[in-house]
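Raw contents of target-v5.txt, compact mmCIF, C-alpha atoms:
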# COMPACT_ATOMS: atom_id res chain seq x y z
CA MET A 1 -16.24 18.21 -1.62
CA ASP A 2 -18.37 17.88 1.53
CA ILE A 3 -16.02 17.10 4.42
CA LEU A 4 -18.84 15.95 6.70
CA MET A 5 -20.10 13.46 4.08
CA MET A 6 -16.58 12.17 3.59
CA LEU A 7 -16.04 11.73 7.33
CA ALA A 8 -19.39 9.98 7.69
CA THR A 9 -18.34 7.48 5.02
CA THR A 10 -15.00 7.02 6.76
CA ARG A 11 -16.72 6.29 10.06
CA ARG A 12 -19.08 3.77 8.47
CA VAL A 13 -16.24 1.86 6.79
CA LEU A 14 -14.17 1.80 9.99
CA GLU A 15 -17.19 0.45 11.90
CA GLN A 16 -17.52 -2.34 9.35
CA LEU A 17 -13.83 -3.17 9.61
CA ARG A 18 -14.02 -3.19 13.41
CA HIS A 19 -16.40 -6.14 13.25
CA ASP A 20 -14.37 -7.96 10.58
CA ARG A 21 -11.65 -9.72 12.56
CA ARG A 22 -10.19 -11.46 9.54
CA SER A 23 -9.61 -8.18 7.72
CA ILE A 24 -8.07 -6.63 10.84
CA ALA A 25 -5.72 -9.60 11.18
CA LEU A 26 -4.81 -9.38 7.50
CA ILE A 27 -4.06 -5.68 7.78
CA LEU A 28 -2.27 -5.52 11.14
CA VAL A 29 -0.81 -8.98 11.75
CA VAL A 30 0.05 -10.54 8.38
CA PRO A 31 2.69 -7.96 7.30
CA ALA A 32 4.51 -8.42 10.62
CA LEU A 33 4.42 -12.21 10.21
CA LEU A 34 5.75 -11.96 6.66
CA LEU A 35 8.51 -9.65 7.87
CA THR A 36 9.37 -12.26 10.51
CA ALA A 37 9.67 -14.88 7.77
CA VAL A 38 12.02 -12.60 5.83
CA TYR A 39 14.18 -12.12 8.92
CA PHE A 40 14.59 -15.85 9.52
CA LEU A 41 15.40 -16.43 5.84
CA PHE A 42 18.64 -14.51 6.38
CA GLU A 43 19.23 -15.31 10.06
CA ASN A 44 22.04 -17.80 9.45
CA GLU A 45 23.86 -15.97 6.67
CA ALA A 46 27.65 -15.82 7.10
CA LEU A 47 28.92 -12.24 7.04
CA PRO A 48 32.41 -10.79 7.46
CA PRO A 49 32.85 -8.56 10.52
CA GLY A 50 31.22 -5.19 10.06
CA ALA A 51 29.32 -6.15 6.91
CA PRO A 52 25.68 -5.00 6.72
CA ARG A 53 23.01 -7.64 7.07
CA THR A 54 20.94 -8.61 4.06
CA PHE A 55 17.84 -8.18 6.22
CA ASP A 56 18.65 -4.50 6.72
CA ARG A 57 18.29 -3.99 2.96
CA VAL A 58 15.56 -6.49 2.07
CA GLY A 59 13.55 -6.04 5.27
CA LEU A 60 13.49 -2.28 4.73
CA MET A 61 12.04 -2.74 1.24
CA MET A 62 9.46 -5.19 2.58
CA LEU A 63 8.18 -2.50 4.95
CA ALA A 64 6.87 -0.78 1.83
CA ILE A 65 5.97 -3.77 -0.33
CA PHE A 66 3.96 -5.82 2.19
CA PRO A 67 1.58 -2.96 3.14
CA PHE A 68 1.16 -2.13 -0.54
CA VAL A 69 0.15 -5.69 -1.42
CA VAL A 70 -2.09 -6.27 1.61
CA MET A 71 -3.95 -2.96 1.31
CA PHE A 72 -4.49 -3.53 -2.41
CA LEU A 73 -6.12 -6.89 -1.70
CA VAL A 74 -8.24 -5.75 1.24
CA THR A 75 -9.43 -2.58 -0.46
CA SER A 76 -10.25 -4.08 -3.84
CA ILE A 77 -12.23 -6.98 -2.33
CA THR A 78 -14.04 -4.81 0.23
CA MET A 79 -15.01 -2.25 -2.37
CA LEU A 80 -16.17 -5.00 -4.71
CA ARG A 81 -18.44 -6.36 -1.97
CA GLU A 82 -19.91 -2.88 -1.56
CA ARG A 83 -20.65 -2.79 -5.27
CA THR A 84 -22.08 -6.30 -5.63
CA SER A 85 -24.17 -6.12 -2.45
CA GLY A 86 -25.89 -2.97 -3.67
CA THR A 87 -24.61 -0.86 -0.75
CA LEU A 88 -22.66 1.44 -3.04
CA GLU A 89 -25.60 1.88 -5.40
CA ARG A 90 -27.92 2.78 -2.53
CA LEU A 91 -25.44 5.32 -1.21
CA LEU A 92 -25.15 6.91 -4.62
CA THR A 93 -28.92 7.52 -4.70
CA THR A 94 -28.44 9.93 -1.79
CA PRO A 95 -27.11 13.50 -2.19
CA VAL A 96 -23.57 12.30 -1.37
CA HIS A 97 -21.09 13.19 -4.10
CA LYS A 98 -19.04 10.44 -5.67
CA ALA A 99 -15.79 12.12 -4.64
CA ASP A 100 -16.98 12.40 -1.01
CA LEU A 101 -17.79 8.70 -1.01
CA LEU A 102 -14.57 7.54 -2.59
CA PHE A 103 -12.29 9.76 -0.55
CA GLY A 104 -14.18 8.60 2.55
CA TYR A 105 -13.31 5.01 1.68
CA GLY A 106 -9.76 6.07 0.94
CA LEU A 107 -9.40 7.86 4.28
CA ALA A 108 -10.78 4.89 6.24
CA PHE A 109 -8.39 2.43 4.65
CA SER A 110 -5.55 4.93 4.90
CA ILE A 111 -6.03 5.07 8.68
CA MET A 112 -5.77 1.28 8.78
CA ALA A 113 -2.75 1.49 6.47
CA ALA A 114 -1.05 3.89 8.89
CA LEU A 115 -1.66 1.51 11.80
CA GLN A 116 -0.35 -1.35 9.71
CA SER A 117 2.85 0.53 8.85
CA LEU A 118 3.42 1.49 12.48
CA VAL A 119 3.08 -2.13 13.62
CA ALA A 120 5.36 -3.52 10.90
CA THR A 121 8.00 -0.82 11.43
CA ALA A 122 7.94 -1.34 15.20
CA VAL A 123 8.53 -5.07 14.67
CA ALA A 124 11.41 -4.38 12.28
CA TYR A 125 13.18 -1.98 14.65
CA TRP A 126 12.40 -3.32 18.11
CA VAL A 127 12.24 -7.05 17.44
CA PHE A 128 14.69 -7.56 14.58
CA ASP A 129 16.93 -4.55 15.22
CA LEU A 130 16.74 -3.02 11.74
CA ASP A 131 19.92 -0.99 11.28
CA ILE A 132 19.92 1.86 8.74
CA GLU A 133 21.25 5.41 8.71
CA GLY A 134 17.92 7.24 8.54
CA PRO A 135 15.38 7.67 11.37
CA PRO A 136 12.38 5.34 11.64
CA GLY A 137 9.93 8.22 11.26
CA PHE A 138 10.80 8.63 7.59
CA VAL A 139 10.49 4.87 7.07
CA VAL A 140 6.97 4.99 8.53
CA LEU A 141 6.12 7.96 6.28
CA ILE A 142 7.11 6.14 3.10
CA ALA A 143 5.46 2.91 4.26
CA VAL A 144 2.20 4.77 4.91
CA ILE A 145 2.25 6.48 1.51
CA ASN A 146 2.94 3.14 -0.11
CA ALA A 147 0.06 1.48 1.74
CA VAL A 148 -2.25 4.32 0.70
CA LEU A 149 -1.08 3.73 -2.87
CA GLY A 150 -2.28 0.14 -2.50
CA VAL A 151 -5.62 1.51 -1.25
CA ALA A 152 -5.98 3.84 -4.23
CA LEU A 153 -5.13 1.16 -6.77
CA GLY A 154 -7.45 -1.29 -5.03
CA LEU A 155 -10.33 1.18 -5.26
CA LEU A 156 -9.63 1.72 -8.93
CA CYS A 157 -9.25 -1.94 -9.88
CA SER A 158 -12.40 -2.98 -8.01
CA ALA A 159 -14.43 -1.14 -10.65
CA PHE A 160 -13.32 -3.59 -13.33
CA ALA A 161 -14.04 -6.81 -11.42
CA ARG A 162 -17.40 -8.57 -10.99
CA THR A 163 -16.27 -11.23 -8.50
CA GLU A 164 -13.68 -11.46 -5.73
CA PHE A 165 -11.72 -13.92 -7.85
CA GLN A 166 -11.51 -11.35 -10.64
CA ALA A 167 -10.33 -8.75 -8.14
CA VAL A 168 -7.49 -11.05 -7.08
CA GLN A 169 -6.60 -11.54 -10.75
CA PHE A 170 -5.47 -7.93 -10.90
CA MET A 171 -2.55 -8.86 -8.63
CA PRO A 172 -0.30 -10.23 -11.42
CA VAL A 173 -1.26 -7.29 -13.64
CA VAL A 174 -0.95 -4.35 -11.25
CA VAL A 175 1.12 -5.48 -8.26
CA VAL A 176 3.58 -8.20 -9.31
CA PRO A 177 5.24 -6.24 -12.18
CA GLN A 178 5.93 -3.36 -9.80
CA ILE A 179 7.56 -5.68 -7.27
CA LEU A 180 9.73 -7.28 -9.97
CA LEU A 181 10.85 -4.00 -11.53
CA CYS A 182 11.16 -1.70 -8.50
CA GLY A 183 14.86 -2.51 -8.01
CA LEU A 184 14.49 -4.99 -5.16
CA PHE A 185 15.85 -8.00 -7.04
CA VAL A 186 17.98 -6.34 -9.72
CA ALA A 187 19.35 -2.81 -9.75
CA ARG A 188 17.38 -0.81 -12.27
CA ASP A 189 20.48 0.41 -14.08
CA ARG A 190 21.34 -3.25 -14.78
CA MET A 191 18.00 -3.97 -16.49
CA ASN A 192 17.62 -3.87 -20.26
CA ASP A 193 16.49 -0.54 -21.67
CA ALA A 194 12.83 -1.48 -22.10
CA LEU A 195 12.40 -2.77 -18.55
CA GLU A 196 14.31 0.15 -17.09
CA SER A 197 12.05 2.60 -18.93
CA ILE A 198 8.96 0.87 -17.55
CA SER A 199 10.48 0.77 -14.08
CA ASN A 200 11.13 4.51 -14.15
CA VAL A 201 7.39 5.30 -14.22
CA LEU A 202 6.06 2.65 -11.81
CA PRO A 203 4.85 4.04 -8.45
CA LEU A 204 6.58 1.39 -6.34
CA THR A 205 9.93 2.40 -7.86
CA PHE A 206 9.72 5.82 -6.23
CA SER A 207 8.99 4.16 -2.90
CA VAL A 208 12.04 1.93 -3.11
CA ASP A 209 14.21 4.86 -4.17
CA ALA A 210 12.98 6.89 -1.20
CA LEU A 211 13.73 4.05 1.22
CA GLN A 212 17.21 3.65 -0.24
CA GLU A 213 17.80 7.35 0.39
CA ILE A 214 16.66 6.90 3.99
CA ALA A 215 18.88 3.85 4.44
CA ALA A 216 21.97 5.70 3.23
CA ASN A 217 21.52 9.13 4.86
CA PRO A 218 20.94 10.17 8.49
CA GLU A 219 18.90 13.19 7.37
CA ALA A 220 16.10 13.58 4.85
CA THR A 221 17.45 14.32 1.37
CA GLU A 222 15.93 16.34 -1.43
CA GLN A 223 15.62 13.18 -3.50
CA MET A 224 13.65 11.45 -0.75
CA TRP A 225 11.17 14.33 -0.51
CA GLN A 226 10.87 14.41 -4.28
CA ASP A 227 10.09 10.68 -4.42
CA ALA A 228 7.55 11.05 -1.60
CA ALA A 229 5.88 13.98 -3.37
CA ILE A 230 5.63 12.04 -6.63
CA MET A 231 4.06 9.10 -4.80
CA GLY A 232 1.57 11.43 -3.12
CA ALA A 233 0.63 12.96 -6.48
CA ILE A 234 0.15 9.49 -7.97
CA VAL A 235 -2.12 8.48 -5.07
CA LEU A 236 -4.25 11.60 -5.52
CA GLY A 237 -4.44 11.06 -9.28
CA VAL A 238 -5.48 7.41 -8.90
CA LEU A 239 -8.18 8.35 -6.37
CA VAL A 240 -9.59 10.96 -8.73
CA LEU A 241 -9.52 8.44 -11.57
CA ALA A 242 -11.24 5.87 -9.35
CA SER A 243 -14.02 8.36 -8.56
CA LEU A 244 -14.82 8.46 -12.27
CA THR A 245 -15.54 4.70 -12.21
CA LEU A 246 -18.37 5.08 -9.68
CA ARG A 247 -21.72 4.70 -11.39
CA ARG A 248 -25.11 5.71 -10.04
CA ARG A 249 -26.52 2.38 -11.18
CA THR A 250 -24.86 -1.03 -11.37
CA ALA A 251 -24.83 -2.56 -14.85
Can you turn what I pasted into structure tokens?
Amino acid sequence: MDILMMLATTRRVLEQLRHDRRSIALILVVPALLLTAVYFLFENEALPPGAPRTFDRVGLMMLAIFPFVVMFLVTSITMLRERTSGTLERLLTTPVHKADLLFGYGLAFSIMAALQSLVATAVAYWVFDLDIEGPPGFVVLIAVINAVLGVALGLLCSAFARTEFQAVQFMPVVVVPQILLCGLFVARDRMNDALESISNVLPLTFSVDALQEIAANPEATEQMWQDAAIMGAIVLGVLVLASLTLRRRTA
């Protein structure tokens, strides 16, 4: 892998994003606004003295889910535009390796994903006073990995879409099942056997498990690091798989 080629691709993508105000707003502002909506959903709940707020549980999970969803959408549509406009095909006629190109895209969107996670986490802690046992640094770490997972899946799914509408159609196939089965709505050990088995191998499940470990423990646990490592391995595997979908010529 040529690091300079990869960094050049990263710089080009970031320059494009800098001039795309709508994408910047979608990445940096929308997750914070959605988190605000979640907070006000539970603002008036009646709780006995000393009971934990529902927002502290649900809002924490949203810090991983919202970046995942947003980065999947932005990445898949942006990459599709690169394919359909011919930009990607022209780049692939140069000596740049496919892996350099794809990992360059991944790094650019991962930088934006990190900024997104920092903004959303700052809003959760400083505006809505998120109260959990673990430190915010670990929350940001898991949120960033989860956003990068959305980037990797978006890059992969863009290869199988010919229009932006088709790219969005991957949402109910790739994203929604993970949200439903990650343990946010129903504890996974209360699901039927088939759904629990599926849930056990979905990437978002490891993210939710890691955040639950952070919420319950003031220090990082072995389980949290294990979940984070598994997510990182999945991201790397998806990026490698996505590189295999890059073709020198568009069909």
* In Å, with one decimal, what is the gap from atom CA of A:Val69 to atom CA of A:Gly150? -> 6.4 Å
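Ranking A:Asn217, A:Ser197, A:Thr205, A:Ser243 by their shortest atom-to-atom distance to A:Pro136, with all atoms listed in the file included, puts A:Asn217 first.
Distances to A:Val175 were evaluated for A:Ile27, A:Ile145, A:Ala161, A:Leu153 using all atoms listed in the file, and the minimum falls at A:Leu153.
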* Who sits within 10 Å of stretch 115-119 of chain A, only C-alpha atoms, same chain under 4 positions skipped, as a ChimeraX atom specification -> /A:24-32,63-64,66-68,70-71,109-111,123-124,136-137,139-147
* To do: Write out as number ranges by chain the residues lying within 12 Å of stretch 13-20 of chain A, counting all atoms listed in the file and excluding same-chain residues fewer than 3 positions away.
  => A: 6-10, 23-28, 74-75, 78-79, 82, 87-88, 101-113
Which polymer residues have any atom within 12 Å of an atom of stretch 170-173 of chain A, counting all atoms listed in the file, with same-chain residues fewer than 4 positions away left out, as a tab-separated table (two decimals) with C-alpha atoms, keeping the file's coordinate frame?
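Full text of around_4.tsv as output:
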chain	number	residue	atom	x	y	z
A	68	PHE	CA	1.16	-2.13	-0.54
A	69	VAL	CA	0.15	-5.69	-1.42
A	70	VAL	CA	-2.09	-6.27	1.61
A	71	MET	CA	-3.95	-2.96	1.31
A	72	PHE	CA	-4.49	-3.53	-2.41
A	73	LEU	CA	-6.12	-6.89	-1.70
A	74	VAL	CA	-8.24	-5.75	1.24
A	76	SER	CA	-10.25	-4.08	-3.84
A	77	ILE	CA	-12.23	-6.98	-2.33
A	150	GLY	CA	-2.28	0.14	-2.50
A	153	LEU	CA	-5.13	1.16	-6.77
A	154	GLY	CA	-7.45	-1.29	-5.03
A	155	LEU	CA	-10.33	1.18	-5.26
A	156	LEU	CA	-9.63	1.72	-8.93
A	157	CYS	CA	-9.25	-1.94	-9.88
A	158	SER	CA	-12.40	-2.98	-8.01
A	159	ALA	CA	-14.43	-1.14	-10.65
A	160	PHE	CA	-13.32	-3.59	-13.33
A	161	ALA	CA	-14.04	-6.81	-11.42
A	162	ARG	CA	-17.40	-8.57	-10.99
A	163	THR	CA	-16.27	-11.23	-8.50
A	164	GLU	CA	-13.68	-11.46	-5.73
A	165	PHE	CA	-11.72	-13.92	-7.85
A	166	GLN	CA	-11.51	-11.35	-10.64
A	177	PRO	CA	5.24	-6.24	-12.18
A	178	GLN	CA	5.93	-3.36	-9.80
A	179	ILE	CA	7.56	-5.68	-7.27
A	180	LEU	CA	9.73	-7.28	-9.97
* What is the atom CA of A:Glu196-atom CA of A:Gly183 distance in Å, reported with one decimal? ->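 Atom CA of A:Glu196 sits 9.5 Å away from atom CA of A:Gly183.
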* Best match for closeness to A:Val168 among A:Val201, A:Leu41, A:Met5, A:Leu80, counting all atoms listed in the file ->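 Selected residue with least distance to A:Val168: A:Leu80.
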Could you please fill out stretch 55-66 of chain A with all heavy atoms and send it back as a PDB file, in the coordinates of the input?
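Saved as selection.pdb:
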ATOM      1  N   PHE A  55      19.161  -8.558   5.724  1.00  0.00           N
ATOM      2  CA  PHE A  55      17.840  -8.180   6.220  1.00  0.00           C
ATOM      3  C   PHE A  55      17.678  -6.677   6.299  1.00  0.00           C
ATOM      4  O   PHE A  55      16.576  -6.159   6.085  1.00  0.00           O
ATOM      5  CB  PHE A  55      17.593  -8.806   7.596  1.00  0.00           C
ATOM      6  CG  PHE A  55      16.306  -8.347   8.224  1.00  0.00           C
ATOM      7  CD1 PHE A  55      15.090  -8.891   7.822  1.00  0.00           C
ATOM      8  CD2 PHE A  55      16.296  -7.365   9.210  1.00  0.00           C
ATOM      9  CE1 PHE A  55      13.890  -8.458   8.391  1.00  0.00           C
ATOM     10  CE2 PHE A  55      15.103  -6.933   9.783  1.00  0.00           C
ATOM     11  CZ  PHE A  55      13.898  -7.494   9.364  1.00  0.00           C
ATOM     12  N   ASP A  56      18.761  -5.954   6.607  1.00  0.00           N
ATOM     13  CA  ASP A  56      18.650  -4.500   6.720  1.00  0.00           C
ATOM     14  C   ASP A  56      18.274  -3.869   5.378  1.00  0.00           C
ATOM     15  O   ASP A  56      17.628  -2.816   5.354  1.00  0.00           O
ATOM     16  CB  ASP A  56      19.968  -3.898   7.210  1.00  0.00           C
ATOM     17  CG  ASP A  56      20.256  -4.277   8.655  1.00  0.00           C
ATOM     18  OD1 ASP A  56      19.290  -4.523   9.395  1.00  0.00           O
ATOM     19  OD2 ASP A  56      21.443  -4.353   9.029  1.00  0.00           O
ATOM     20  N   ARG A  57      18.659  -4.500   4.287  1.00  0.00           N
ATOM     21  CA  ARG A  57      18.290  -3.990   2.960  1.00  0.00           C
ATOM     22  C   ARG A  57      16.935  -4.527   2.525  1.00  0.00           C
ATOM     23  O   ARG A  57      16.033  -3.770   2.182  1.00  0.00           O
ATOM     24  CB  ARG A  57      19.355  -4.359   1.918  1.00  0.00           C
ATOM     25  CG  ARG A  57      19.004  -3.888   0.497  1.00  0.00           C
ATOM     26  CD  ARG A  57      20.078  -4.315  -0.478  1.00  0.00           C
ATOM     27  NE  ARG A  57      20.092  -5.754  -0.658  1.00  0.00           N
ATOM     28  CZ  ARG A  57      19.300  -6.404  -1.536  1.00  0.00           C
ATOM     29  NH1 ARG A  57      18.438  -5.734  -2.280  1.00  0.00           N
ATOM     30  NH2 ARG A  57      19.384  -7.708  -1.662  1.00  0.00           N
ATOM     31  N   VAL A  58      16.790  -5.867   2.570  1.00  0.00           N
ATOM     32  CA  VAL A  58      15.560  -6.490   2.070  1.00  0.00           C
ATOM     33  C   VAL A  58      14.390  -6.190   2.999  1.00  0.00           C
ATOM     34  O   VAL A  58      13.289  -5.863   2.545  1.00  0.00           O
ATOM     35  CB  VAL A  58      15.759  -8.008   1.915  1.00  0.00           C
ATOM     36  CG1 VAL A  58      14.453  -8.671   1.471  1.00  0.00           C
ATOM     37  CG2 VAL A  58      16.863  -8.296   0.907  1.00  0.00           C
ATOM     38  N   GLY A  59      14.617  -6.298   4.316  1.00  0.00           N
ATOM     39  CA  GLY A  59      13.550  -6.040   5.270  1.00  0.00           C
ATOM     40  C   GLY A  59      13.020  -4.616   5.152  1.00  0.00           C
ATOM     41  O   GLY A  59      11.809  -4.377   5.277  1.00  0.00           O
ATOM     42  N   LEU A  60      13.914  -3.659   4.904  1.00  0.00           N
ATOM     43  CA  LEU A  60      13.490  -2.280   4.730  1.00  0.00           C
ATOM     44  C   LEU A  60      12.550  -2.147   3.538  1.00  0.00           C
ATOM     45  O   LEU A  60      11.512  -1.471   3.608  1.00  0.00           O
ATOM     46  CB  LEU A  60      14.713  -1.380   4.545  1.00  0.00           C
ATOM     47  CG  LEU A  60      14.427   0.102   4.307  1.00  0.00           C
ATOM     48  CD1 LEU A  60      13.779   0.721   5.534  1.00  0.00           C
ATOM     49  CD2 LEU A  60      15.710   0.838   3.929  1.00  0.00           C
ATOM     50  N   MET A  61      12.892  -2.796   2.433  1.00  0.00           N
ATOM     51  CA  MET A  61      12.040  -2.740   1.240  1.00  0.00           C
ATOM     52  C   MET A  61      10.685  -3.414   1.503  1.00  0.00           C
ATOM     53  O   MET A  61       9.647  -2.971   1.019  1.00  0.00           O
ATOM     54  CB  MET A  61      12.722  -3.428   0.062  1.00  0.00           C
ATOM     55  CG  MET A  61      14.062  -2.836  -0.331  1.00  0.00           C
ATOM     56  SD  MET A  61      13.954  -1.096  -0.766  1.00  0.00           S
ATOM     57  CE  MET A  61      15.036  -0.389   0.477  1.00  0.00           C
ATOM     58  N   MET A  62      10.708  -4.476   2.293  1.00  0.00           N
ATOM     59  CA  MET A  62       9.460  -5.190   2.580  1.00  0.00           C
ATOM     60  C   MET A  62       8.494  -4.336   3.407  1.00  0.00           C
ATOM     61  O   MET A  62       7.283  -4.528   3.342  1.00  0.00           O
ATOM     62  CB  MET A  62       9.756  -6.481   3.345  1.00  0.00           C
ATOM     63  CG  MET A  62      10.478  -7.551   2.540  1.00  0.00           C
ATOM     64  SD  MET A  62       9.569  -8.115   1.088  1.00  0.00           S
ATOM     65  CE  MET A  62      10.460  -7.262  -0.220  1.00  0.00           C
ATOM     66  N   LEU A  63       9.033  -3.381   4.168  1.00  0.00           N
ATOM     67  CA  LEU A  63       8.180  -2.500   4.950  1.00  0.00           C
ATOM     68  C   LEU A  63       7.290  -1.644   4.039  1.00  0.00           C
ATOM     69  O   LEU A  63       6.251  -1.134   4.477  1.00  0.00           O
ATOM     70  CB  LEU A  63       9.018  -1.585   5.837  1.00  0.00           C
ATOM     71  CG  LEU A  63       9.647  -2.245   7.056  1.00  0.00           C
ATOM     72  CD1 LEU A  63      10.540  -1.259   7.799  1.00  0.00           C
ATOM     73  CD2 LEU A  63       8.575  -2.792   7.987  1.00  0.00           C
ATOM     74  N   ALA A  64       7.698  -1.487   2.796  1.00  0.00           N
ATOM     75  CA  ALA A  64       6.870  -0.780   1.830  1.00  0.00           C
ATOM     76  C   ALA A  64       6.048  -1.732   0.979  1.00  0.00           C
ATOM     77  O   ALA A  64       4.883  -1.469   0.674  1.00  0.00           O
ATOM     78  CB  ALA A  64       7.735   0.096   0.929  1.00  0.00           C
ATOM     79  N   ILE A  65       6.628  -2.855   0.605  1.00  0.00           N
ATOM     80  CA  ILE A  65       5.970  -3.770  -0.330  1.00  0.00           C
ATOM     81  C   ILE A  65       4.820  -4.516   0.327  1.00  0.00           C
ATOM     82  O   ILE A  65       3.723  -4.630  -0.252  1.00  0.00           O
ATOM     83  CB  ILE A  65       7.004  -4.744  -0.921  1.00  0.00           C
ATOM     84  CG1 ILE A  65       7.962  -3.976  -1.835  1.00  0.00           C
ATOM     85  CG2 ILE A  65       6.311  -5.869  -1.682  1.00  0.00           C
ATOM     86  CD1 ILE A  65       9.097  -4.818  -2.382  1.00  0.00           C
ATOM     87  N   PHE A  66       5.016  -5.049   1.530  1.00  0.00           N
ATOM     88  CA  PHE A  66       3.960  -5.820   2.190  1.00  0.00           C
ATOM     89  C   PHE A  66       2.697  -4.980   2.423  1.00  0.00           C
ATOM     90  O   PHE A  66       1.584  -5.429   2.113  1.00  0.00           O
ATOM     91  CB  PHE A  66       4.460  -6.428   3.493  1.00  0.00           C
ATOM     92  CG  PHE A  66       5.418  -7.571   3.303  1.00  0.00           C
ATOM     93  CD1 PHE A  66       6.364  -7.890   4.274  1.00  0.00           C
ATOM     94  CD2 PHE A  66       5.381  -8.344   2.155  1.00  0.00           C
ATOM     95  CE1 PHE A  66       7.241  -8.951   4.102  1.00  0.00           C
ATOM     96  CE2 PHE A  66       6.262  -9.414   1.972  1.00  0.00           C
ATOM     97  CZ  PHE A  66       7.189  -9.712   2.947  1.00  0.00           C
TER      98      PHE A  66
END
